[in-house]
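> The structure that follows is given in the form of structure tokens.
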Amino acid sequence: MIKRFEKYLRDISLNIRRETELDMNRRGFVAASLGLIAVFFLSSIPFVAQAYRKTVEEKPDRIKIAGPDELRVGDSKTFAYPNPNDPAILVRVSEKEYRSYHIKCTHLQCPIYWDKTSGKLMCPCHNGFFSVEDGSVLAGPPQRSLPSIKLSIKKDGIYAVGVIHGTHGGKTV
Ligand code: FES
């Protein structure tokens, strides 16, 4: 009688046996975990690939920033590029060389300025310093270099022709 009752209970419980139930749960848990890990791994591939690309170059419209002799060596000029809310700076570092960067600090977005005396780009908020040569961080809390503006020097003036993120560029072309 008891055996028949047990059989009846097993039948209505879809044949799940108590002794194997725990084993099934462990297997299910391991399979689900591996599946989740695989999904996370596969979905992160595009982001990892993006991080490994050294530079990301935008080629927005070309705009004229300054006339051919508008700046003397050591002088700077602010402008916006490529959009009105993207403040940038142009620095004439020698007779024939210019550098240009976005001036939102890569720490907490304070505006940086060109300090002609020290020859560095400075952020007054937390004493961040950037190299005018390549926009790299010299000191302070910022961890990333400044995005650089690609320049083109023509007879009639200096043009902004693109933005380079994640590099130590910014030299004239
Ligand atoms: S915002 Fe520039 S150093 Fe903090």
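Ordering of the structure tokens sets the chain letters (A, B, ...), residue numbers begin anew at 1 in every chain, and ligands are numbered from 1 in the order given.
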Leaving out A:Pro141 and any residue of its chain fewer than 5 positions from it, which residues lie within 10 Å of it when counting only C-alpha atoms, given as a ChimeraX atom specification?

/A:106-108,126-129

> Could you list, as a PDB file with all heavy atoms, in the first residue's frame, all residues that come within 12 Å of ligand 1? Count only C-alpha atoms and all ligand atoms.


```pdb
ATOM      1  N   ILE A 103      39.452  72.338 -24.156  1.00  0.00           N
ATOM      2  CA  ILE A 103      39.895  72.850 -22.861  1.00  0.00           C
ATOM      3  C   ILE A 103      38.984  72.451 -21.700  1.00  0.00           C
ATOM      4  O   ILE A 103      39.057  73.046 -20.633  1.00  0.00           O
ATOM      5  CB  ILE A 103      40.088  74.383 -22.887  1.00  0.00           C
ATOM      6  CG1 ILE A 103      38.813  75.092 -23.346  1.00  0.00           C
ATOM      7  CG2 ILE A 103      41.277  74.747 -23.757  1.00  0.00           C
ATOM      8  CD1 ILE A 103      38.882  76.608 -23.194  1.00  0.00           C
ATOM      9  N   LYS A 104      38.145  71.429 -21.899  1.00  0.00           N
ATOM     10  CA  LYS A 104      37.430  70.899 -20.735  1.00  0.00           C
ATOM     11  C   LYS A 104      38.374  69.905 -20.082  1.00  0.00           C
ATOM     12  O   LYS A 104      38.757  68.902 -20.704  1.00  0.00           O
ATOM     13  CB  LYS A 104      36.156  70.175 -21.166  1.00  0.00           C
ATOM     14  CG  LYS A 104      35.002  71.101 -21.454  1.00  0.00           C
ATOM     15  CD  LYS A 104      33.758  70.288 -21.783  1.00  0.00           C
ATOM     16  CE  LYS A 104      32.655  71.162 -22.321  1.00  0.00           C
ATOM     17  NZ  LYS A 104      31.570  70.389 -22.938  1.00  0.00           N
ATOM     18  N   CYS A 105      38.738  70.165 -18.844  1.00  0.00           N
ATOM     19  CA  CYS A 105      39.689  69.297 -18.137  1.00  0.00           C
ATOM     20  C   CYS A 105      39.149  67.867 -18.104  1.00  0.00           C
ATOM     21  O   CYS A 105      37.954  67.646 -17.890  1.00  0.00           O
ATOM     22  CB  CYS A 105      39.897  69.818 -16.726  1.00  0.00           C
ATOM     23  SG  CYS A 105      41.034  68.821 -15.762  1.00  0.00           S
ATOM     24  N   THR A 106      40.036  66.912 -18.302  1.00  0.00           N
ATOM     25  CA  THR A 106      39.588  65.515 -18.317  1.00  0.00           C
ATOM     26  C   THR A 106      39.351  64.979 -16.909  1.00  0.00           C
ATOM     27  O   THR A 106      38.969  63.830 -16.756  1.00  0.00           O
ATOM     28  CB  THR A 106      40.613  64.627 -19.034  1.00  0.00           C
ATOM     29  OG1 THR A 106      41.889  64.784 -18.406  1.00  0.00           O
ATOM     30  CG2 THR A 106      40.713  64.995 -20.500  1.00  0.00           C
ATOM     31  N   HIS A 107      39.546  65.822 -15.887  1.00  0.00           N
ATOM     32  CA  HIS A 107      39.202  65.394 -14.525  1.00  0.00           C
ATOM     33  C   HIS A 107      37.718  65.675 -14.278  1.00  0.00           C
ATOM     34  O   HIS A 107      36.903  64.773 -14.373  1.00  0.00           O
ATOM     35  CB  HIS A 107      40.096  66.109 -13.500  1.00  0.00           C
ATOM     36  CG  HIS A 107      39.793  65.724 -12.090  1.00  0.00           C
ATOM     37  ND1 HIS A 107      39.746  66.637 -11.081  1.00  0.00           N
ATOM     38  CD2 HIS A 107      39.512  64.519 -11.535  1.00  0.00           C
ATOM     39  CE1 HIS A 107      39.449  66.008  -9.944  1.00  0.00           C
ATOM     40  NE2 HIS A 107      39.308  64.721 -10.206  1.00  0.00           N
ATOM     41  N   LEU A 108      37.376  66.924 -14.031  1.00  0.00           N
ATOM     42  CA  LEU A 108      35.967  67.250 -13.768  1.00  0.00           C
ATOM     43  C   LEU A 108      35.465  68.400 -14.645  1.00  0.00           C
ATOM     44  O   LEU A 108      34.585  69.159 -14.230  1.00  0.00           O
ATOM     45  CB  LEU A 108      35.767  67.575 -12.282  1.00  0.00           C
ATOM     46  CG  LEU A 108      35.952  66.397 -11.317  1.00  0.00           C
ATOM     47  CD1 LEU A 108      35.832  66.860  -9.875  1.00  0.00           C
ATOM     48  CD2 LEU A 108      34.950  65.288 -11.586  1.00  0.00           C
ATOM     49  N   GLN A 109      36.053  68.515 -15.816  1.00  0.00           N
ATOM     50  CA  GLN A 109      35.522  69.422 -16.849  1.00  0.00           C
ATOM     51  C   GLN A 109      35.742  70.910 -16.602  1.00  0.00           C
ATOM     52  O   GLN A 109      35.126  71.741 -17.287  1.00  0.00           O
ATOM     53  CB  GLN A 109      34.015  69.178 -17.057  1.00  0.00           C
ATOM     54  CG  GLN A 109      33.645  67.730 -17.287  1.00  0.00           C
ATOM     55  CD  GLN A 109      33.720  67.349 -18.736  1.00  0.00           C
ATOM     56  OE1 GLN A 109      32.966  67.849 -19.536  1.00  0.00           O
ATOM     57  NE2 GLN A 109      34.645  66.491 -19.068  1.00  0.00           N
ATOM     58  N   CYS A 110      36.547  71.305 -15.656  1.00  0.00           N
ATOM     59  CA  CYS A 110      36.835  72.737 -15.500  1.00  0.00           C
ATOM     60  C   CYS A 110      37.558  73.232 -16.747  1.00  0.00           C
ATOM     61  O   CYS A 110      38.273  72.468 -17.386  1.00  0.00           O
ATOM     62  CB  CYS A 110      37.745  72.968 -14.299  1.00  0.00           C
ATOM     63  SG  CYS A 110      36.887  72.912 -12.735  1.00  0.00           S
ATOM     64  N   PRO A 111      37.423  74.509 -17.072  1.00  0.00           N
ATOM     65  CA  PRO A 111      38.147  75.011 -18.240  1.00  0.00           C
ATOM     66  C   PRO A 111      39.633  75.199 -17.923  1.00  0.00           C
ATOM     67  O   PRO A 111      39.981  75.798 -16.917  1.00  0.00           O
ATOM     68  CB  PRO A 111      37.471  76.352 -18.525  1.00  0.00           C
ATOM     69  CG  PRO A 111      36.758  76.719 -17.271  1.00  0.00           C
ATOM     70  CD  PRO A 111      36.499  75.487 -16.491  1.00  0.00           C
ATOM     71  N   ILE A 112      40.468  74.668 -18.775  1.00  0.00           N
ATOM     72  CA  ILE A 112      41.906  74.868 -18.585  1.00  0.00           C
ATOM     73  C   ILE A 112      42.330  76.129 -19.323  1.00  0.00           C
ATOM     74  O   ILE A 112      41.608  76.619 -20.189  1.00  0.00           O
ATOM     75  CB  ILE A 112      42.717  73.660 -19.086  1.00  0.00           C
ATOM     76  CG1 ILE A 112      42.485  73.428 -20.579  1.00  0.00           C
ATOM     77  CG2 ILE A 112      42.413  72.403 -18.303  1.00  0.00           C
ATOM     78  CD1 ILE A 112      43.655  72.833 -21.255  1.00  0.00           C
ATOM     79  N   TYR A 113      43.472  76.655 -18.988  1.00  0.00           N
ATOM     80  CA  TYR A 113      43.982  77.831 -19.691  1.00  0.00           C
ATOM     81  C   TYR A 113      45.478  77.665 -19.952  1.00  0.00           C
ATOM     82  O   TYR A 113      46.159  76.828 -19.348  1.00  0.00           O
ATOM     83  CB  TYR A 113      43.679  79.108 -18.899  1.00  0.00           C
ATOM     84  CG  TYR A 113      44.441  79.217 -17.595  1.00  0.00           C
ATOM     85  CD1 TYR A 113      45.662  79.886 -17.541  1.00  0.00           C
ATOM     86  CD2 TYR A 113      43.929  78.653 -16.429  1.00  0.00           C
ATOM     87  CE1 TYR A 113      46.362  79.979 -16.348  1.00  0.00           C
ATOM     88  CE2 TYR A 113      44.622  78.741 -15.242  1.00  0.00           C
ATOM     89  CZ  TYR A 113      45.840  79.407 -15.197  1.00  0.00           C
ATOM     90  OH  TYR A 113      46.542  79.480 -14.027  1.00  0.00           O
ATOM     91  N   LEU A 121      49.578  73.944 -19.971  1.00  0.00           N
ATOM     92  CA  LEU A 121      48.133  74.142 -19.905  1.00  0.00           C
ATOM     93  C   LEU A 121      47.719  73.787 -18.482  1.00  0.00           C
ATOM     94  O   LEU A 121      48.072  72.706 -17.992  1.00  0.00           O
ATOM     95  CB  LEU A 121      47.429  73.249 -20.933  1.00  0.00           C
ATOM     96  CG  LEU A 121      47.768  73.605 -22.390  1.00  0.00           C
ATOM     97  CD1 LEU A 121      47.476  72.439 -23.315  1.00  0.00           C
ATOM     98  CD2 LEU A 121      46.995  74.845 -22.833  1.00  0.00           C
ATOM     99  N   MET A 122      46.991  74.691 -17.831  1.00  0.00           N
ATOM    100  CA  MET A 122      46.704  74.503 -16.408  1.00  0.00           C
ATOM    101  C   MET A 122      45.209  74.438 -16.130  1.00  0.00           C
ATOM    102  O   MET A 122      44.434  75.156 -16.746  1.00  0.00           O
ATOM    103  CB  MET A 122      47.295  75.661 -15.604  1.00  0.00           C
ATOM    104  CG  MET A 122      48.788  75.771 -15.716  1.00  0.00           C
ATOM    105  SD  MET A 122      49.422  77.162 -14.770  1.00  0.00           S
ATOM    106  CE  MET A 122      49.078  76.628 -13.116  1.00  0.00           C
ATOM    107  N   CYS A 123      44.861  73.598 -15.176  1.00  0.00           N
ATOM    108  CA  CYS A 123      43.478  73.572 -14.695  1.00  0.00           C
ATOM    109  C   CYS A 123      43.483  74.118 -13.275  1.00  0.00           C
ATOM    110  O   CYS A 123      44.101  73.536 -12.387  1.00  0.00           O
ATOM    111  CB  CYS A 123      42.918  72.153 -14.713  1.00  0.00           C
ATOM    112  SG  CYS A 123      41.246  72.121 -14.046  1.00  0.00           S
ATOM    113  N   PRO A 124      42.780  75.237 -13.050  1.00  0.00           N
ATOM    114  CA  PRO A 124      42.835  75.878 -11.728  1.00  0.00           C
ATOM    115  C   PRO A 124      42.030  75.140 -10.658  1.00  0.00           C
ATOM    116  O   PRO A 124      42.222  75.365  -9.473  1.00  0.00           O
ATOM    117  CB  PRO A 124      42.244  77.262 -11.992  1.00  0.00           C
ATOM    118  CG  PRO A 124      41.338  77.066 -13.168  1.00  0.00           C
ATOM    119  CD  PRO A 124      41.951  75.975 -14.007  1.00  0.00           C
ATOM    120  N   CYS A 125      41.118  74.261 -11.074  1.00  0.00           N
ATOM    121  CA  CYS A 125      40.212  73.651 -10.089  1.00  0.00           C
ATOM    122  C   CYS A 125      40.951  72.767  -9.080  1.00  0.00           C
ATOM    123  O   CYS A 125      40.732  72.867  -7.877  1.00  0.00           O
ATOM    124  CB  CYS A 125      39.119  72.855 -10.790  1.00  0.00           C
ATOM    125  SG  CYS A 125      37.952  73.927 -11.625  1.00  0.00           S
ATOM    126  N   HIS A 126      41.808  71.863  -9.574  1.00  0.00           N
ATOM    127  CA  HIS A 126      42.530  70.967  -8.658  1.00  0.00           C
ATOM    128  C   HIS A 126      44.000  70.876  -9.034  1.00  0.00           C
ATOM    129  O   HIS A 126      44.636  69.847  -8.850  1.00  0.00           O
ATOM    130  CB  HIS A 126      41.899  69.561  -8.672  1.00  0.00           C
ATOM    131  CG  HIS A 126      40.413  69.584  -8.515  1.00  0.00           C
ATOM    132  ND1 HIS A 126      39.541  69.467  -9.584  1.00  0.00           N
ATOM    133  CD2 HIS A 126      39.644  69.758  -7.411  1.00  0.00           C
ATOM    134  CE1 HIS A 126      38.295  69.546  -9.147  1.00  0.00           C
ATOM    135  NE2 HIS A 126      38.323  69.723  -7.843  1.00  0.00           N
ATOM    136  N   ASN A 127      44.511  71.958  -9.629  1.00  0.00           N
ATOM    137  CA  ASN A 127      45.919  72.001 -10.024  1.00  0.00           C
ATOM    138  C   ASN A 127      46.319  70.860 -10.956  1.00  0.00           C
ATOM    139  O   ASN A 127      47.273  70.126 -10.703  1.00  0.00           O
ATOM    140  CB  ASN A 127      46.837  72.004  -8.795  1.00  0.00           C
ATOM    141  CG  ASN A 127      46.812  73.351  -8.110  1.00  0.00           C
ATOM    142  OD1 ASN A 127      46.617  74.378  -8.774  1.00  0.00           O
ATOM    143  ND2 ASN A 127      46.969  73.349  -6.804  1.00  0.00           N
ATOM    144  N   GLY A 128      45.575  70.741 -12.025  1.00  0.00           N
ATOM    145  CA  GLY A 128      45.959  69.788 -13.077  1.00  0.00           C
ATOM    146  C   GLY A 128      46.835  70.492 -14.105  1.00  0.00           C
ATOM    147  O   GLY A 128      46.623  71.675 -14.408  1.00  0.00           O
ATOM    148  N   PHE A 129      47.831  69.787 -14.604  1.00  0.00           N
ATOM    149  CA  PHE A 129      48.736  70.365 -15.601  1.00  0.00           C
ATOM    150  C   PHE A 129      48.830  69.443 -16.807  1.00  0.00           C
ATOM    151  O   PHE A 129      48.966  68.224 -16.657  1.00  0.00           O
ATOM    152  CB  PHE A 129      50.144  70.554 -15.012  1.00  0.00           C
ATOM    153  CG  PHE A 129      50.192  71.581 -13.926  1.00  0.00           C
ATOM    154  CD1 PHE A 129      49.932  71.228 -12.612  1.00  0.00           C
ATOM    155  CD2 PHE A 129      50.482  72.905 -14.209  1.00  0.00           C
ATOM    156  CE1 PHE A 129      49.959  72.165 -11.599  1.00  0.00           C
ATOM    157  CE2 PHE A 129      50.508  73.856 -13.200  1.00  0.00           C
ATOM    158  CZ  PHE A 129      50.249  73.482 -11.890  1.00  0.00           C
ATOM    159  N   PHE A 130      48.785  70.046 -17.992  1.00  0.00           N
ATOM    160  CA  PHE A 130      48.886  69.280 -19.232  1.00  0.00           C
ATOM    161  C   PHE A 130      50.018  69.858 -20.076  1.00  0.00           C
ATOM    162  O   PHE A 130      50.271  71.065 -20.072  1.00  0.00           O
ATOM    163  CB  PHE A 130      47.583  69.385 -20.031  1.00  0.00           C
ATOM    164  CG  PHE A 130      46.383  68.806 -19.332  1.00  0.00           C
ATOM    165  CD1 PHE A 130      45.627  69.595 -18.475  1.00  0.00           C
ATOM    166  CD2 PHE A 130      45.997  67.490 -19.528  1.00  0.00           C
ATOM    167  CE1 PHE A 130      44.513  69.085 -17.828  1.00  0.00           C
ATOM    168  CE2 PHE A 130      44.880  66.962 -18.891  1.00  0.00           C
ATOM    169  CZ  PHE A 130      44.137  67.761 -18.036  1.00  0.00           C
ATOM    170  N   VAL A 137      48.973  64.432 -19.555  1.00  0.00           N
ATOM    171  CA  VAL A 137      48.906  64.914 -18.172  1.00  0.00           C
ATOM    172  C   VAL A 137      50.320  65.006 -17.604  1.00  0.00           C
ATOM    173  O   VAL A 137      51.096  64.055 -17.695  1.00  0.00           O
ATOM    174  CB  VAL A 137      48.060  63.939 -17.310  1.00  0.00           C
ATOM    175  CG1 VAL A 137      48.033  64.409 -15.863  1.00  0.00           C
ATOM    176  CG2 VAL A 137      46.661  63.803 -17.863  1.00  0.00           C
ATOM    177  N   LEU A 138      50.640  66.161 -17.023  1.00  0.00           N
ATOM    178  CA  LEU A 138      51.953  66.332 -16.392  1.00  0.00           C
ATOM    179  C   LEU A 138      51.846  66.162 -14.882  1.00  0.00           C
ATOM    180  O   LEU A 138      52.765  65.656 -14.240  1.00  0.00           O
ATOM    181  CB  LEU A 138      52.524  67.719 -16.712  1.00  0.00           C
ATOM    182  CG  LEU A 138      52.785  68.006 -18.186  1.00  0.00           C
ATOM    183  CD1 LEU A 138      53.200  69.456 -18.381  1.00  0.00           C
ATOM    184  CD2 LEU A 138      53.860  67.066 -18.727  1.00  0.00           C
ATOM    185  N   ALA A 139      50.731  66.623 -14.311  1.00  0.00           N
ATOM    186  CA  ALA A 139      50.562  66.530 -12.851  1.00  0.00           C
ATOM    187  C   ALA A 139      49.099  66.744 -12.497  1.00  0.00           C
ATOM    188  O   ALA A 139      48.328  67.263 -13.311  1.00  0.00           O
ATOM    189  CB  ALA A 139      51.423  67.588 -12.167  1.00  0.00           C
ATOM    190  N   GLY A 140      48.749  66.342 -11.261  1.00  0.00           N
ATOM    191  CA  GLY A 140      47.392  66.571 -10.773  1.00  0.00           C
ATOM    192  C   GLY A 140      46.499  65.366 -10.976  1.00  0.00           C
ATOM    193  O   GLY A 140      46.945  64.320 -11.436  1.00  0.00           O
ATOM    194  N   PRO A 141      45.228  65.539 -10.633  1.00  0.00           N
ATOM    195  CA  PRO A 141      44.304  64.393 -10.664  1.00  0.00           C
ATOM    196  C   PRO A 141      43.873  63.894 -12.048  1.00  0.00           C
ATOM    197  O   PRO A 141      43.436  62.755 -12.152  1.00  0.00           O
ATOM    198  CB  PRO A 141      43.093  64.885  -9.866  1.00  0.00           C
ATOM    199  CG  PRO A 141      43.179  66.360  -9.855  1.00  0.00           C
ATOM    200  CD  PRO A 141      44.623  66.732 -10.037  1.00  0.00           C
ATOM    201  N   PRO A 142      43.962  64.674 -13.127  1.00  0.00           N
ATOM    202  CA  PRO A 142      43.472  64.110 -14.404  1.00  0.00           C
ATOM    203  C   PRO A 142      44.228  62.840 -14.795  1.00  0.00           C
ATOM    204  O   PRO A 142      45.429  62.731 -14.547  1.00  0.00           O
ATOM    205  CB  PRO A 142      43.740  65.229 -15.421  1.00  0.00           C
ATOM    206  CG  PRO A 142      43.829  66.469 -14.615  1.00  0.00           C
ATOM    207  CD  PRO A 142      44.435  66.061 -13.311  1.00  0.00           C
ATOM    208  N   GLN A 143      43.501  61.919 -15.401  1.00  0.00           N
ATOM    209  CA  GLN A 143      44.090  60.644 -15.813  1.00  0.00           C
ATOM    210  C   GLN A 143      44.246  60.527 -17.316  1.00  0.00           C
ATOM    211  O   GLN A 143      44.963  59.662 -17.795  1.00  0.00           O
ATOM    212  CB  GLN A 143      43.204  59.480 -15.326  1.00  0.00           C
ATOM    213  CG  GLN A 143      43.056  59.393 -13.833  1.00  0.00           C
ATOM    214  CD  GLN A 143      44.365  59.023 -13.164  1.00  0.00           C
ATOM    215  OE1 GLN A 143      44.998  58.049 -13.531  1.00  0.00           O
ATOM    216  NE2 GLN A 143      44.780  59.823 -12.196  1.00  0.00           N
ATOM    217  N   ARG A 144      43.540  61.360 -18.048  1.00  0.00           N
ATOM    218  CA  ARG A 144      43.570  61.242 -19.509  1.00  0.00           C
ATOM    219  C   ARG A 144      44.067  62.539 -20.135  1.00  0.00           C
ATOM    220  O   ARG A 144      43.816  63.622 -19.612  1.00  0.00           O
ATOM    221  CB  ARG A 144      42.165  60.937 -20.042  1.00  0.00           C
ATOM    222  CG  ARG A 144      41.704  59.530 -19.723  1.00  0.00           C
ATOM    223  CD  ARG A 144      40.245  59.316 -20.042  1.00  0.00           C
ATOM    224  NE  ARG A 144      39.389  60.092 -19.162  1.00  0.00           N
ATOM    225  CZ  ARG A 144      38.538  61.011 -19.571  1.00  0.00           C
ATOM    226  NH1 ARG A 144      38.392  61.275 -20.840  1.00  0.00           N
ATOM    227  NH2 ARG A 144      37.798  61.685 -18.710  1.00  0.00           N
ATOM    228  N   SER A 145      44.725  62.390 -21.271  1.00  0.00           N
ATOM    229  CA  SER A 145      45.215  63.577 -21.964  1.00  0.00           C
ATOM    230  C   SER A 145      44.048  64.344 -22.596  1.00  0.00           C
ATOM    231  O   SER A 145      42.943  63.808 -22.741  1.00  0.00           O
ATOM    232  CB  SER A 145      46.233  63.176 -23.024  1.00  0.00           C
ATOM    233  OG  SER A 145      45.674  62.230 -23.886  1.00  0.00           O
ATOM    234  N   LEU A 146      44.307  65.566 -22.985  1.00  0.00           N
ATOM    235  CA  LEU A 146      43.262  66.392 -23.598  1.00  0.00           C
ATOM    236  C   LEU A 146      43.024  65.945 -25.038  1.00  0.00           C
ATOM    237  O   LEU A 146      43.988  65.640 -25.754  1.00  0.00           O
ATOM    238  CB  LEU A 146      43.713  67.854 -23.613  1.00  0.00           C
ATOM    239  CG  LEU A 146      43.895  68.522 -22.258  1.00  0.00           C
ATOM    240  CD1 LEU A 146      44.611  69.858 -22.438  1.00  0.00           C
ATOM    241  CD2 LEU A 146      42.550  68.719 -21.581  1.00  0.00           C
TER     242      LEU A 146
END
```

> Could you tell me how far atom CA of A:Ile158 lies from atom CA of A:Lys116, in Å and to one decimal?

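According to the coordinates, atom CA of A:Ile158 and atom CA of A:Lys116 are separated by 20.0 Å.
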
> Considering only strand (DSSP E or B) as DSSP defines it on the backbone, what residues of stretch 20-155 of chain A qualify? List them as a PyMOL selection string.

chain A and resi 56-58+63-66+76-80+87-92+98-102+104+111+113-115+120-123+128-131+137-139+148-154

> Could you pull the residues within 10 Å of A:Asp156, counting only C-alpha atoms, minus those fewer than 3 positions along the same chain, as an mmCIF file with C-alpha atoms, in the first residue's frame?


```
data_model
loop_
_atom_site.group_PDB
_atom_site.id
_atom_site.type_symbol
_atom_site.label_atom_id
_atom_site.label_comp_id
_atom_site.auth_asym_id
_atom_site.auth_seq_id
_atom_site.Cartn_x
_atom_site.Cartn_y
_atom_site.Cartn_z
ATOM 1 C CA LYS A 64 39.254 78.831 -39.772
ATOM 2 C CA ALA A 66 43.067 82.419 -36.864
ATOM 3 C CA GLY A 67 44.758 84.503 -39.514
ATOM 4 C CA PRO A 68 48.326 83.682 -40.592
ATOM 5 C CA ASP A 69 50.020 86.208 -38.270
ATOM 6 C CA ILE A 153 48.162 75.612 -41.719
ATOM 7 C CA TYR A 159 42.242 75.715 -39.753
#
```

> So how many Å separate atom CA of A:Ser148 and atom CA of A:Glu70, to one decimal?

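If I compute the distance from atom CA of A:Ser148 to atom CA of A:Glu70, I get 20.7 Å.
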